[in-house]
Every structure is written in C-alpha cells, then in structure tokens.
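A.B. asks: Structure supplied as model-v3.txt; contents: compact mmCIF, C-alpha atoms and all ligand atoms.
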# COMPACT_ATOMS: atom_id res chain seq x y z
CA MET A 1 51.26 -3.12 43.83
CA LYS A 2 50.24 0.20 45.33
CA ILE A 3 48.02 2.40 43.20
CA ALA A 4 47.17 6.01 44.06
CA VAL A 5 43.73 6.83 42.69
CA LEU A 6 43.08 10.53 42.04
CA PRO A 7 39.67 10.99 40.34
CA GLY A 8 39.62 14.82 40.45
CA ASP A 9 36.85 17.00 39.04
CA GLY A 10 33.84 16.81 36.72
CA ILE A 11 33.55 13.48 34.94
CA GLY A 12 36.77 12.37 36.70
CA GLN A 13 34.79 10.66 39.46
CA GLU A 14 32.50 8.77 37.08
CA ILE A 15 35.14 7.52 34.66
CA VAL A 16 37.68 6.51 37.31
CA ALA A 17 34.97 4.49 39.10
CA GLU A 18 34.54 2.42 35.92
CA ALA A 19 38.30 1.91 35.48
CA MET A 20 38.47 0.73 39.11
CA LYS A 21 35.71 -1.83 38.45
CA VAL A 22 37.78 -3.21 35.58
CA LEU A 23 41.02 -3.28 37.61
CA ARG A 24 39.33 -5.01 40.55
CA ALA A 25 37.82 -7.62 38.24
CA LEU A 26 41.36 -8.70 37.26
CA LYS A 27 41.90 -9.94 40.83
CA LEU A 28 45.58 -8.94 40.87
CA PRO A 29 47.32 -8.07 44.15
CA MET A 30 46.71 -4.31 43.99
CA ASP A 31 46.13 -1.91 46.91
CA PHE A 32 44.21 1.24 46.06
CA GLY A 33 44.43 4.50 48.02
CA GLU A 34 42.21 7.38 46.94
CA ALA A 35 42.82 11.11 47.51
CA PRO A 36 41.32 14.41 46.32
CA VAL A 37 43.02 16.46 43.60
CA GLY A 38 42.14 19.59 41.60
CA GLY A 39 39.06 21.66 42.38
CA VAL A 40 37.63 19.17 44.89
CA ALA A 41 40.93 19.25 46.78
CA TYR A 42 41.04 23.05 46.69
CA GLU A 43 37.54 23.15 48.14
CA LYS A 44 38.46 20.78 50.96
CA THR A 45 41.97 21.98 51.82
CA GLY A 46 42.66 25.28 50.01
CA HIS A 47 45.18 23.63 47.66
CA PRO A 48 44.67 21.64 44.40
CA LEU A 49 47.50 19.25 45.32
CA PRO A 50 47.36 18.80 49.11
CA GLU A 51 50.34 17.33 50.99
CA GLY A 52 48.42 14.11 51.76
CA THR A 53 47.62 13.57 48.07
CA LEU A 54 51.23 14.18 47.05
CA ALA A 55 52.44 11.79 49.77
CA LEU A 56 50.07 9.07 48.53
CA ALA A 57 51.31 9.62 44.96
CA ARG A 58 54.95 9.46 46.08
CA GLU A 59 54.47 6.16 47.92
CA ALA A 60 52.55 4.50 45.08
CA ASP A 61 53.95 2.36 42.26
CA ALA A 62 51.58 4.07 39.85
CA ILE A 63 48.92 6.77 39.79
CA LEU A 64 45.53 6.53 38.11
CA PHE A 65 44.28 10.05 37.43
CA GLY A 66 40.86 11.22 36.20
CA ALA A 67 40.76 14.89 35.21
CA VAL A 68 40.98 18.30 36.85
CA GLY A 69 39.36 21.63 36.02
CA ASP A 70 36.39 23.51 37.38
CA SER A 71 35.28 26.87 36.03
CA ARG A 72 34.24 27.98 39.53
CA PHE A 73 37.93 28.44 40.23
CA ASP A 74 38.82 30.35 37.05
CA ASN A 75 39.34 33.57 38.96
CA ILE A 76 41.53 32.43 41.83
CA GLU A 77 45.31 32.95 41.73
CA ARG A 78 47.04 30.78 39.12
CA SER A 79 49.01 28.65 41.61
CA LYS A 80 45.79 27.44 43.28
CA ARG A 81 43.85 26.56 40.12
CA PRO A 82 42.85 22.89 39.69
CA GLU A 83 45.05 22.38 36.59
CA GLN A 84 48.16 23.24 38.63
CA ALA A 85 47.82 19.85 40.34
CA ILE A 86 49.07 18.05 37.21
CA LEU A 87 52.06 20.35 36.79
CA GLY A 88 52.81 19.94 40.50
CA LEU A 89 52.67 16.14 40.25
CA ARG A 90 54.87 16.08 37.14
CA LYS A 91 57.46 18.25 38.84
CA ALA A 92 57.41 16.56 42.25
CA LEU A 93 57.59 13.05 40.80
CA GLY A 94 60.08 13.79 38.00
CA LEU A 95 57.68 12.63 35.27
CA PHE A 96 59.76 13.41 32.18
CA ALA A 97 58.25 11.18 29.49
CA ASN A 98 54.76 11.50 28.07
CA LEU A 99 53.40 8.48 26.22
CA ARG A 100 50.37 9.03 24.06
CA PRO A 101 48.98 6.26 21.90
CA ALA A 102 46.67 7.22 19.05
CA MET A 103 44.51 4.27 18.05
CA VAL A 104 41.59 4.02 15.72
CA TYR A 105 39.42 0.97 16.22
CA PRO A 106 38.12 -0.14 12.81
CA GLU A 107 34.54 0.24 14.09
CA LEU A 108 35.16 3.92 14.89
CA ALA A 109 37.06 4.91 11.74
CA ASP A 110 34.12 7.03 10.57
CA ALA A 111 34.64 9.42 13.52
CA SER A 112 37.95 10.66 12.08
CA ALA A 113 38.11 13.73 9.86
CA LEU A 114 40.33 11.67 7.55
CA ARG A 115 39.10 9.01 5.14
CA PRO A 116 38.38 5.75 6.99
CA GLU A 117 40.91 3.77 4.91
CA VAL A 118 43.69 6.18 5.98
CA VAL A 119 43.03 5.72 9.72
CA ALA A 120 41.22 2.40 10.24
CA GLY A 121 43.43 0.21 12.41
CA LEU A 122 45.83 3.06 13.23
CA ASP A 123 48.00 2.23 16.25
CA ILE A 124 50.88 4.63 16.92
CA LEU A 125 52.57 5.89 20.06
CA ILE A 126 54.07 9.34 20.53
CA VAL A 127 56.76 9.64 23.20
CA ARG A 128 57.25 13.29 24.15
CA GLU A 129 59.94 14.68 26.45
CA LEU A 130 58.18 16.72 29.12
CA THR A 131 60.65 18.62 31.28
CA GLY A 132 63.17 20.29 28.96
CA ASP A 133 63.40 22.17 25.65
CA ILE A 134 62.33 25.70 24.82
CA TYR A 135 59.58 25.68 27.49
CA PHE A 136 62.11 25.67 30.31
CA GLY A 137 65.36 26.92 28.68
CA GLU A 138 66.98 30.08 30.07
CA PRO A 139 67.40 32.90 29.25
CA LYS A 140 63.90 33.81 28.19
CA GLY A 141 61.89 36.98 28.38
CA ILE A 142 60.78 40.15 26.66
CA ARG A 143 63.35 42.95 26.44
CA MET A 144 63.88 46.26 24.69
CA THR A 145 66.17 46.06 21.66
CA ASP A 146 66.84 49.10 19.44
CA GLY A 147 63.80 50.85 20.87
CA GLU A 148 61.31 48.00 20.32
CA ARG A 149 60.19 44.96 22.32
CA GLU A 150 61.83 41.65 21.52
CA GLY A 151 60.63 38.26 22.80
CA PHE A 152 63.14 35.42 23.17
CA ASP A 153 63.30 31.84 24.43
CA THR A 154 66.11 29.33 24.57
CA MET A 155 65.88 25.86 23.06
CA ARG A 156 68.23 23.56 24.91
CA TYR A 157 68.71 19.87 25.71
CA ARG A 158 71.52 18.20 27.62
CA GLU A 159 72.68 14.89 26.22
CA SER A 160 71.60 13.12 29.43
CA GLU A 161 68.06 14.40 28.90
CA VAL A 162 68.02 13.19 25.28
CA ARG A 163 69.52 9.84 26.25
CA ARG A 164 66.86 9.29 28.93
CA ILE A 165 63.89 9.94 26.60
CA ALA A 166 65.56 7.98 23.78
CA HIS A 167 65.69 4.93 26.08
CA THR A 168 61.99 5.40 26.82
CA GLY A 169 61.28 5.48 23.09
CA PHE A 170 63.36 2.38 22.32
CA LEU A 171 61.89 0.41 25.24
CA ALA A 172 58.35 1.31 24.16
CA ALA A 173 59.14 0.30 20.56
CA ARG A 174 60.50 -3.00 21.86
CA LYS A 175 57.11 -3.68 23.50
CA ARG A 176 55.30 -2.91 20.21
CA GLY A 177 56.25 -3.05 16.52
CA LYS A 178 60.02 -2.50 17.08
CA ARG A 179 60.24 0.64 14.92
CA LEU A 180 61.21 4.04 16.31
CA CYS A 181 61.09 7.32 14.39
CA SER A 182 62.98 10.20 16.02
CA VAL A 183 61.54 13.58 15.03
CA ASP A 184 63.73 16.68 15.05
CA LYS A 185 64.74 19.72 13.02
CA ALA A 186 68.40 18.82 12.66
CA ASN A 187 68.70 20.64 9.31
CA VAL A 188 68.30 23.98 11.12
CA LEU A 189 68.67 23.62 14.90
CA ASP A 190 71.88 22.76 16.76
CA THR A 191 69.79 21.38 19.64
CA SER A 192 68.26 18.93 17.17
CA GLN A 193 71.66 18.02 15.75
CA LEU A 194 72.78 16.95 19.23
CA TRP A 195 69.43 15.20 19.73
CA ARG A 196 69.98 13.14 16.58
CA GLU A 197 73.59 12.26 17.49
CA VAL A 198 72.57 11.06 20.95
CA VAL A 199 69.59 9.03 19.67
CA ILE A 200 71.94 7.29 17.20
CA GLU A 201 74.35 6.50 20.07
CA VAL A 202 71.54 5.05 22.21
CA ALA A 203 70.31 2.98 19.24
CA LYS A 204 73.42 0.77 19.54
CA GLU A 205 71.88 -0.72 22.69
CA TYR A 206 68.71 -1.70 20.80
CA PRO A 207 69.83 -3.60 17.69
CA ASP A 208 66.37 -5.23 17.55
CA VAL A 209 64.63 -1.85 17.05
CA GLU A 210 64.72 -0.16 13.63
CA LEU A 211 65.54 3.56 13.98
CA SER A 212 64.61 6.26 11.46
CA HIS A 213 64.72 10.07 11.59
CA MET A 214 62.27 12.63 10.26
CA TYR A 215 62.18 16.42 10.25
CA VAL A 216 59.25 17.76 12.23
CA ASP A 217 57.65 19.59 9.29
CA ASN A 218 57.62 16.36 7.29
CA ALA A 219 56.33 14.43 10.34
CA ALA A 220 53.40 16.84 10.67
CA MET A 221 52.57 16.18 7.02
CA GLN A 222 53.09 12.41 7.15
CA LEU A 223 50.79 12.12 10.19
CA VAL A 224 47.83 13.22 8.09
CA ARG A 225 49.01 11.75 4.77
CA ASN A 226 49.84 8.22 5.93
CA PRO A 227 49.78 7.91 9.74
CA LYS A 228 49.90 4.10 9.67
CA GLN A 229 53.57 4.21 8.52
CA PHE A 230 54.60 4.96 12.14
CA ASP A 231 55.00 2.68 15.13
CA VAL A 232 56.63 4.79 17.88
CA ILE A 233 57.66 8.45 17.47
CA VAL A 234 60.08 10.00 19.97
CA THR A 235 60.52 13.76 20.06
CA GLY A 236 61.23 16.82 22.22
CA ASN A 237 58.80 18.83 24.29
CA LEU A 238 57.84 21.49 21.73
CA PHE A 239 57.48 19.23 18.69
CA GLY A 240 55.78 16.57 20.81
CA ASP A 241 53.24 19.03 22.16
CA ILE A 242 52.06 19.80 18.64
CA LEU A 243 52.40 16.35 17.05
CA SER A 244 50.62 14.53 19.92
CA ASP A 245 47.60 16.80 19.61
CA GLU A 246 47.63 16.37 15.84
CA ALA A 247 47.78 12.58 16.28
CA SER A 248 44.93 12.54 18.80
CA MET A 249 42.69 14.34 16.33
CA LEU A 250 43.33 11.64 13.73
CA THR A 251 41.13 9.42 15.83
CA GLY A 252 38.23 11.85 16.14
CA SER A 253 37.22 10.55 19.56
CA ILE A 254 38.74 12.27 22.57
CA GLY A 255 36.88 9.93 24.95
CA MET A 256 38.97 6.97 23.72
CA LEU A 257 42.56 8.13 24.23
CA PRO A 258 44.75 7.26 27.23
CA SER A 259 48.14 8.69 28.19
CA ALA A 260 51.03 8.11 30.56
CA SER A 261 53.65 10.36 32.14
CA MET A 262 56.64 8.34 33.34
CA ASP A 263 59.64 8.83 35.64
CA LYS A 264 63.04 7.18 35.26
CA ASN A 265 62.02 4.12 37.30
CA ASN A 266 58.91 3.35 35.25
CA LYS A 267 56.59 4.82 37.82
CA GLY A 268 53.88 6.67 35.98
CA LEU A 269 50.77 8.78 36.11
CA PHE A 270 48.06 7.44 33.83
CA GLU A 271 45.14 9.56 32.65
CA PRO A 272 42.76 10.10 29.76
CA ILE A 273 43.90 12.94 27.46
CA HIS A 274 40.56 14.72 27.84
CA GLY A 275 39.64 17.14 30.62
CA SER A 276 36.88 17.24 33.23
CA ALA A 277 34.12 17.84 30.62
CA PRO A 278 31.95 20.06 32.86
CA ASP A 279 29.24 20.16 30.16
CA ILE A 280 28.40 16.47 30.76
CA ALA A 281 29.63 15.95 34.34
CA GLY A 282 27.18 14.14 36.64
CA LYS A 283 24.95 13.01 33.77
CA GLY A 284 26.32 9.48 33.55
CA VAL A 285 27.02 9.79 29.81
CA ALA A 286 30.83 10.24 29.73
CA ASN A 287 32.87 7.67 27.85
CA PRO A 288 34.98 5.75 30.41
CA LEU A 289 37.09 3.94 27.79
CA ALA A 290 40.00 6.44 27.75
CA THR A 291 40.38 5.92 31.50
CA ILE A 292 39.94 2.15 31.26
CA LEU A 293 42.64 2.12 28.56
CA SER A 294 44.83 4.32 30.82
CA ALA A 295 44.51 1.59 33.46
CA ALA A 296 45.71 -0.90 30.83
CA MET A 297 48.72 1.33 30.11
CA MET A 298 49.42 1.43 33.85
CA LEU A 299 49.52 -2.35 33.97
CA ARG A 300 51.85 -2.51 30.97
CA TYR A 301 54.27 0.37 31.63
CA SER A 302 54.47 0.63 35.44
CA LEU A 303 53.39 -2.73 36.81
CA ASN A 304 54.85 -5.12 34.23
CA GLN A 305 51.52 -6.87 33.76
CA ASP A 306 51.43 -7.03 29.98
CA ALA A 307 48.99 -9.94 29.88
CA ALA A 308 46.48 -8.09 32.08
CA ALA A 309 46.86 -4.96 29.91
CA GLU A 310 46.11 -7.02 26.82
CA ARG A 311 43.08 -8.56 28.50
CA ILE A 312 41.61 -5.10 29.08
CA GLU A 313 42.41 -3.92 25.56
CA ALA A 314 40.86 -7.05 24.07
CA ALA A 315 37.75 -6.53 26.20
CA VAL A 316 37.42 -2.95 24.93
CA ARG A 317 37.77 -4.14 21.32
CA LYS A 318 35.13 -6.79 21.93
CA VAL A 319 32.68 -4.31 23.45
CA LEU A 320 33.13 -1.93 20.52
CA ALA A 321 32.74 -4.76 18.03
CA SER A 322 29.47 -5.72 19.74
CA GLY A 323 28.15 -2.27 18.85
CA LEU A 324 28.06 -0.62 22.29
CA ARG A 325 28.61 3.15 22.06
CA THR A 326 28.58 6.08 24.48
CA ALA A 327 27.11 9.28 23.02
CA ASP A 328 30.47 10.75 21.93
CA ILE A 329 31.27 7.81 19.62
CA ALA A 330 27.74 6.88 18.52
CA ALA A 331 26.64 7.37 14.93
CA PRO A 332 23.56 9.59 14.62
CA GLY A 333 20.44 7.62 15.55
CA ALA A 334 22.39 4.68 17.02
CA LYS A 335 21.60 3.31 20.49
CA ARG A 336 23.72 4.87 23.23
CA VAL A 337 24.79 3.48 26.58
CA GLY A 338 25.82 5.39 29.70
CA THR A 339 29.13 5.45 31.57
CA GLN A 340 28.29 2.60 33.96
CA GLU A 341 26.79 0.37 31.31
CA MET A 342 29.97 0.73 29.23
CA GLY A 343 32.16 -0.06 32.26
CA ASN A 344 30.05 -3.11 33.12
CA ALA A 345 30.28 -4.35 29.55
CA VAL A 346 34.09 -4.19 29.63
CA VAL A 347 34.13 -6.12 32.92
CA ALA A 348 31.82 -8.75 31.40
CA ALA A 349 34.02 -9.00 28.27
CA LEU A 350 37.12 -9.60 30.43
CA GLY A 351 35.81 -12.91 31.65
CA ALA A 352 35.12 -14.43 28.29
P1 LIG B 1 37.45 18.56 27.81
O1 LIG B 1 38.40 17.54 27.29
O2 LIG B 1 37.07 18.45 29.23
O3 LIG B 1 36.11 18.53 26.94
C1 LIG B 1 36.09 18.81 25.54
C2 LIG B 1 34.81 18.24 24.91
O4 LIG B 1 34.93 16.82 24.83
C3 LIG B 1 33.55 18.50 25.74
O5 LIG B 1 32.47 18.72 24.87
C4 LIG B 1 33.36 17.24 26.52
O6 LIG B 1 32.00 16.97 26.86
C5 LIG B 1 33.90 16.18 25.56
N1 LIG B 1 34.48 15.06 26.31
C6 LIG B 1 35.66 15.06 26.99
N2 LIG B 1 35.87 13.88 27.57
C7 LIG B 1 34.79 13.10 27.25
C8 LIG B 1 34.41 11.77 27.56
N3 LIG B 1 35.18 10.97 28.33
N4 LIG B 1 33.24 11.30 27.08
C9 LIG B 1 32.46 12.07 26.32
N5 LIG B 1 32.76 13.33 25.98
C10 LIG B 1 33.92 13.86 26.44
O7 LIG B 1 38.12 19.97 27.50
P2 LIG B 1 37.63 21.44 27.93
O8 LIG B 1 36.14 21.53 27.88
O9 LIG B 1 38.44 22.34 27.10
O10 LIG B 1 38.11 21.61 29.43
C11 LIG B 1 37.28 21.39 30.58
C12 LIG B 1 38.14 21.49 31.84
O11 LIG B 1 39.11 20.43 31.84
C13 LIG B 1 38.94 22.78 31.91
O12 LIG B 1 38.94 23.22 33.25
C14 LIG B 1 40.34 22.36 31.48
O13 LIG B 1 41.34 23.19 32.02
C15 LIG B 1 40.41 20.97 32.04
N6 LIG B 1 41.38 20.07 31.37
C16 LIG B 1 42.00 19.18 32.18
C17 LIG B 1 42.85 18.24 31.63
C18 LIG B 1 43.48 17.23 32.54
O14 LIG B 1 42.97 17.02 33.64
N7 LIG B 1 44.54 16.57 32.14
C19 LIG B 1 43.07 18.19 30.24
C20 LIG B 1 42.38 19.11 29.43
C21 LIG B 1 41.52 20.04 30.01
Write the structure described by the file as structure tokens, please.
Ligand code: NAD
C.D. replies:
Amino acid sequence: MKIAVLPGDGIGQEIVAEAMKVLRALKLPMDFGEAPVGGVAYEKTGHPLPEGTLALAREADAILFGAVGDSRFDNIERSKRPEQAILGLRKALGLFANLRPAMVYPELADASALRPEVVAGLDILIVRELTGDIYFGEPKGIRMTDGEREGFDTMRYRESEVRRIAHTGFLAARKRGKRLCSVDKANVLDTSQLWREVVIEVAKEYPDVELSHMYVDNAAMQLVRNPKQFDVIVTGNLFGDILSDEASMLTGSIGMLPSASMDKNNKGLFEPIHGSAPDIAGKGVANPLATILSAAMMLRYSLNQDAAAERIEAAVRKVLASGLRTADIAAPGAKRVGTQEMGNAVVAALGA
C-alpha cells in the first residue's frame, strides 16, 4: 500500500508525525513517500502544489494530509496561495465525495455547546458531493437587468453525479449502522426532485440499508434538536457545506475531527477538518487526534483495513478514557499533555 504523506504548514508537520508513528506501529505493508505542499512548497518551488507532489499523490493508493495555510502568503496572487493546493488536489484526482464523521466521545461531551445528554455518544457521518451543484453550475455571474445589478447562479446535477455520490452514501452506511438519510429540498427545487428520484433508484441495489429523506431546513433543525437520530447523511455540495460545519460544531472540539475526500475508485485524501493553526504552530501543544483518526479513516475507506482502523479508534477511546487531554479538550485546571505525548499514548494503547 502506497501512501503519499503531505504534512503542509503550521501544525501540519507536528500532527502528521504523530499519525505516522501510529501507522508504523501497526506493522502493515505500507510504503510512505513524503512531499511538500502549501506554503512550504511555495517557498521551495514557487508553487503550493508542485509537479513532484502531485505525481506522488497520483501514484499513491491514499494520501495523508496535514493542513495548509500561512499568513505570510496572504498577499500573493490567489492561484499561488497555500490553500489552493487542496483545490488543486481535489480537481486533479477527481475527489468528488467528502466524508465527515462527527463523533462525540462521552468523556468530551461537556465541550459541546449542546447539553451533554443530547450529544454524548454521537456518531454520525455526513457524505457531501464536492464537484457539482450551484458552486460549479453555469451560467453564473452578475449582470445588468432593468437598470440594476442582478446576481445569478445555476443549481444543477446530472443523474450520473447523483448516482455516484448515492453509492458512496449507501456503501458508507453499509459499513456502519445501515441507515442513510438523503437531504434535499425536493419540495421547491427541480434539481432536488431529480436527486431524490435517483437516490431511490440506487437504493434498490442496497436492500440491507434503510433509506429516508429529509428537507434540508428540517435537517438543519434536527441536527441540533436530536443529532443522534442520524447514521449517515448524503447530500449535495451546497447543503453539505453548511450541514457538515453545523455537525462539526456539535462536538465542540475541532482538534478531534477527521475527514476524507474520495474518488470513484476509493482512493482518498484524508485530513483533519481544522487548518494549520498558526497561533499554536511549533509549540508542541496541537491535538494530533483528528489526524490520527484521519489515518484510521484511510485504512477503512481506501485500504480496506477495517480491523486496523478499529484498532486505532479503540486506542483513541482508551486514551481519552484514561483522562489524557491536549489543551484544546482539557477542562479548566486539568492536566494537559503535548502533541507527542498524546501520539505516544495512542501507540501504547494500540498494543494492549
Ligand atoms: P484553524 O482550524 O487552523 O484554527 C482555528 C482555531 O482552532 C485556532 O485557535 C487553533 O489554534 C485551533 N486548532 C485548530 N486545530 C487544532 C488542533 N489540532 N489542536 C488544538 N487546537 C487547534 O483555522 P484558522 O485559524 O481559521 O486558519 C488558519 C489557517 O489554516 C488559514 O491559513 C486557513 O486558510 C487554513 N485552513 C486550512 C485548512 C486545510 O488545510 N484543510 C482548513 C481550514 C483552514
């Protein structure tokens, strides 16, 4: 199994180093190749996604990504900014499906803005389509109409695009609680009406998965009212953008949440949802768990190593249950450990 390792900027280096320790400790046949991306790559080569890095990512079975972003490059032209590396990778590799779990470990339920009993034990997955919808539909623009400016965008999905993401949703549900909720706005939007029809067609191939449908406005409400009712949610790019951020905030701890962006052959890019955290970079205090859990997702979704993924997730649960906390998830006054100490603890918990 070939893994491209792209640590990137800020805390990226520190957190990816811990995830690598955990992966190596599994002693699976994995080859790692590392390359610069983001601001560090721009500094070295003049481009945030150099040819060599892209080539490494193309050849790999999966990509483990840290974070990109460096305020020193805020004023350079947009196409050269560190963050463009992610968009470039998504486009070049055809990563069309974004998988974002939102989990609340019982020990961390107090970090949520919601009441602990509403979120404790939460474990949902949002599957968001990444390459279509109103963000890319044409025509779009700002034009003059009757003497005033008018902005317009086009929401569109082809049935092949809906079918593809629906399969991703059903397959993910099959690996979890076997329930899929498709979120749309079929009461108002024709695009959504087609979306719903196609999802229902695809459902015939997954008789073991229970399908339901929900309008997006209701889904936004249900996510804060009773988020534990969901298993997997599948939705389009626009609705998924909003709902996945809403779901991540249910957990209250950005340093804990992994994500995956997948292509049609199950190759994926795995990264924490947080950024390069320049305010704490280099201090050895960043929480590596989101990246370690991203490595677990990589094993499950790209490398078909479900047992190894579960080993990592169980180790993380064990470490949290033992009371270890980085600063971002520590209760006031509680003892805090650094990035490396947390990584080492997960490695130690793997063995037991
Ligand atoms: P951020 O996610 O980097 O940080 C937000 C806050 O959360 C900060 O206070 C940070 O210290 C804290 N935080 C984040 N990750 C943490 C961790 N693992 N452990 C402990 N605390 C953590 O978001 P931001 O500050 O808005 O952005 C910083 C840079 O990251 C910007 O350049 C932005 O463009 C970039 N960014 C990149 C990605 C990505 O690489 N996918 C995603 C979001 C932001």
A.B. asks: Once you count all atoms listed in the file, what closest atom pair and distance in Å to one decimal does each residue of chain A within 10 Å of ligand LIG 1 (chain B) have, with rows by chain and rising residue number, as JSON lines?
C.D. replies:
{"residue": "A:Pro7", "atom": "CA", "partner": "B:LIG1", "partner_atom": "O14", "distance": 9.6}
{"residue": "A:Gly8", "atom": "CA", "partner": "B:LIG1", "partner_atom": "O14", "distance": 7.9}
{"residue": "A:Asp9", "atom": "CA", "partner": "B:LIG1", "partner_atom": "O14", "distance": 8.2}
{"residue": "A:Gly10", "atom": "CA", "partner": "B:LIG1", "partner_atom": "C12", "distance": 8.0}
{"residue": "A:Ile11", "atom": "CA", "partner": "B:LIG1", "partner_atom": "N3", "distance": 7.3}
{"residue": "A:Gly12", "atom": "CA", "partner": "B:LIG1", "partner_atom": "O14", "distance": 8.3}
{"residue": "A:Glu14", "atom": "CA", "partner": "B:LIG1", "partner_atom": "N3", "distance": 9.4}
{"residue": "A:Ile15", "atom": "CA", "partner": "B:LIG1", "partner_atom": "N3", "distance": 7.2}
{"residue": "A:Val37", "atom": "CA", "partner": "B:LIG1", "partner_atom": "O14", "distance": 10.0}
{"residue": "A:Gly38", "atom": "CA", "partner": "B:LIG1", "partner_atom": "O14", "distance": 8.4}
{"residue": "A:Gly39", "atom": "CA", "partner": "B:LIG1", "partner_atom": "O12", "distance": 9.3}
{"residue": "A:Phe65", "atom": "CA", "partner": "B:LIG1", "partner_atom": "O14", "distance": 8.0}
{"residue": "A:Gly66", "atom": "CA", "partner": "B:LIG1", "partner_atom": "O14", "distance": 6.7}
{"residue": "A:Ala67", "atom": "CA", "partner": "B:LIG1", "partner_atom": "O14", "distance": 3.4}
{"residue": "A:Val68", "atom": "CA", "partner": "B:LIG1", "partner_atom": "O14", "distance": 4.0}
{"residue": "A:Gly69", "atom": "CA", "partner": "B:LIG1", "partner_atom": "O12", "distance": 3.2}
{"residue": "A:Asp70", "atom": "CA", "partner": "B:LIG1", "partner_atom": "O12", "distance": 4.9}
{"residue": "A:Ser71", "atom": "CA", "partner": "B:LIG1", "partner_atom": "O12", "distance": 5.9}
{"residue": "A:Arg72", "atom": "CA", "partner": "B:LIG1", "partner_atom": "O12", "distance": 9.2}
{"residue": "A:Phe73", "atom": "CA", "partner": "B:LIG1", "partner_atom": "O12", "distance": 8.8}
{"residue": "A:Asp74", "atom": "CA", "partner": "B:LIG1", "partner_atom": "O12", "distance": 8.1}
{"residue": "A:Arg81", "atom": "CA", "partner": "B:LIG1", "partner_atom": "O12", "distance": 9.1}
{"residue": "A:Pro82", "atom": "CA", "partner": "B:LIG1", "partner_atom": "O12", "distance": 7.5}
{"residue": "A:Glu83", "atom": "CA", "partner": "B:LIG1", "partner_atom": "O13", "distance": 5.9}
{"residue": "A:Gln84", "atom": "CA", "partner": "B:LIG1", "partner_atom": "O13", "distance": 9.5}
{"residue": "A:Ala85", "atom": "CA", "partner": "B:LIG1", "partner_atom": "O14", "distance": 8.7}
{"residue": "A:Ile86", "atom": "CA", "partner": "B:LIG1", "partner_atom": "N7", "distance": 7.0}
{"residue": "A:Leu87", "atom": "CA", "partner": "B:LIG1", "partner_atom": "N7", "distance": 9.6}
{"residue": "A:Ser253", "atom": "CA", "partner": "B:LIG1", "partner_atom": "N5", "distance": 8.3}
{"residue": "A:Ile254", "atom": "CA", "partner": "B:LIG1", "partner_atom": "N2", "distance": 6.0}
{"residue": "A:Gly255", "atom": "CA", "partner": "B:LIG1", "partner_atom": "N3", "distance": 3.9}
{"residue": "A:Met256", "atom": "CA", "partner": "B:LIG1", "partner_atom": "N3", "distance": 7.2}
{"residue": "A:Leu257", "atom": "CA", "partner": "B:LIG1", "partner_atom": "N3", "distance": 8.9}
{"residue": "A:Ser259", "atom": "CA", "partner": "B:LIG1", "partner_atom": "N7", "distance": 9.5}
{"residue": "A:Phe270", "atom": "CA", "partner": "B:LIG1", "partner_atom": "N7", "distance": 9.9}
{"residue": "A:Glu271", "atom": "CA", "partner": "B:LIG1", "partner_atom": "N7", "distance": 7.1}
{"residue": "A:Pro272", "atom": "CA", "partner": "B:LIG1", "partner_atom": "N7", "distance": 7.1}
{"residue": "A:Ile273", "atom": "CA", "partner": "B:LIG1", "partner_atom": "N7", "distance": 6.0}
{"residue": "A:His274", "atom": "CA", "partner": "B:LIG1", "partner_atom": "O1", "distance": 3.6}
{"residue": "A:Gly275", "atom": "CA", "partner": "B:LIG1", "partner_atom": "O2", "distance": 3.2}
{"residue": "A:Ser276", "atom": "CA", "partner": "B:LIG1", "partner_atom": "O11", "distance": 4.1}
{"residue": "A:Ala277", "atom": "CA", "partner": "B:LIG1", "partner_atom": "O2", "distance": 3.3}
{"residue": "A:Pro278", "atom": "CA", "partner": "B:LIG1", "partner_atom": "C11", "distance": 5.9}
{"residue": "A:Asp279", "atom": "CA", "partner": "B:LIG1", "partner_atom": "O6", "distance": 5.4}
{"residue": "A:Ile280", "atom": "CA", "partner": "B:LIG1", "partner_atom": "O6", "distance": 5.3}
{"residue": "A:Ala281", "atom": "CA", "partner": "B:LIG1", "partner_atom": "O6", "distance": 7.9}
{"residue": "A:Gly284", "atom": "CA", "partner": "B:LIG1", "partner_atom": "N4", "distance": 9.6}
{"residue": "A:Val285", "atom": "CA", "partner": "B:LIG1", "partner_atom": "C9", "distance": 6.9}
{"residue": "A:Ala286", "atom": "CA", "partner": "B:LIG1", "partner_atom": "N4", "distance": 3.7}
{"residue": "A:Asn287", "atom": "CA", "partner": "B:LIG1", "partner_atom": "N4", "distance": 3.7}
{"residue": "A:Pro288", "atom": "CA", "partner": "B:LIG1", "partner_atom": "N3", "distance": 5.6}
{"residue": "A:Leu289", "atom": "CA", "partner": "B:LIG1", "partner_atom": "N3", "distance": 7.3}
{"residue": "A:Ala290", "atom": "CA", "partner": "B:LIG1", "partner_atom": "N3", "distance": 6.6}
{"residue": "A:Thr291", "atom": "CA", "partner": "B:LIG1", "partner_atom": "N3", "distance": 7.9}
{"residue": "A:Thr326", "atom": "CA", "partner": "B:LIG1", "partner_atom": "C9", "distance": 7.4}
{"residue": "A:Ala327", "atom": "CA", "partner": "B:LIG1", "partner_atom": "C9", "distance": 6.9}
{"residue": "A:Asp328", "atom": "CA", "partner": "B:LIG1", "partner_atom": "C9", "distance": 5.0}
{"residue": "A:Ile329", "atom": "CA", "partner": "B:LIG1", "partner_atom": "C9", "distance": 8.0}
{"residue": "A:Gly338", "atom": "CA", "partner": "B:LIG1", "partner_atom": "N4", "distance": 9.8}
{"residue": "A:Thr339", "atom": "CA", "partner": "B:LIG1", "partner_atom": "N4", "distance": 8.4}
A.B. asks: Between atom CA of Gly268 of chain A and atom CA of Arg163 of chain A, what is the spacing in Å?
C.D. replies: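 We find that atom CA of Arg163 of chain A and atom CA of Gly268 of chain A lie 18.7 Å from each other.
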A.B. asks: Quick one: pull the distance between atom CA of Ser112 of chain A and atom CA of Ala331 of chain A, Å, one decimal.
C.D. replies: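 Between atom CA of Ser112 of chain A and atom CA of Ala331 of chain A the gap works out to 12.1 Å.
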A.B. asks: Just want the 10 Å neighbourhood of segment 222-233 of chain A, counted on all atoms listed in the file, with same-chain residues fewer than 2 positions away dropped. Output as number ranges by chain.
C.D. replies: A: 99-103, 113-114, 118-128, 169-170, 172-174, 176-183, 211-214, 216-220, 235, 240, 243-244, 246-247, 249-250
A.B. asks: Enclose segment 14-17 of chain A, meaning all of its atoms listed in the file, in a box aligned along x, y and z, pad it by 5 Å on each side, and list the centre and edge lengths in Å to one decimal, as JSON.
C.D. replies:
{"center_x": 35.1, "center_y": 6.6, "center_z": 36.9, "size_x": 15.2, "size_y": 14.3, "size_z": 14.4}
A.B. asks: Which residue, A:Pro258, A:Gly282, A:Gly147, A:Pro116, has the smallest gap to Glu313 of chain A when you use all atoms listed in the file?
C.D. replies: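 Among A:Pro258, A:Gly282, A:Gly147, A:Pro116, it is A:Pro258 that comes nearest to Glu313 of chain A.
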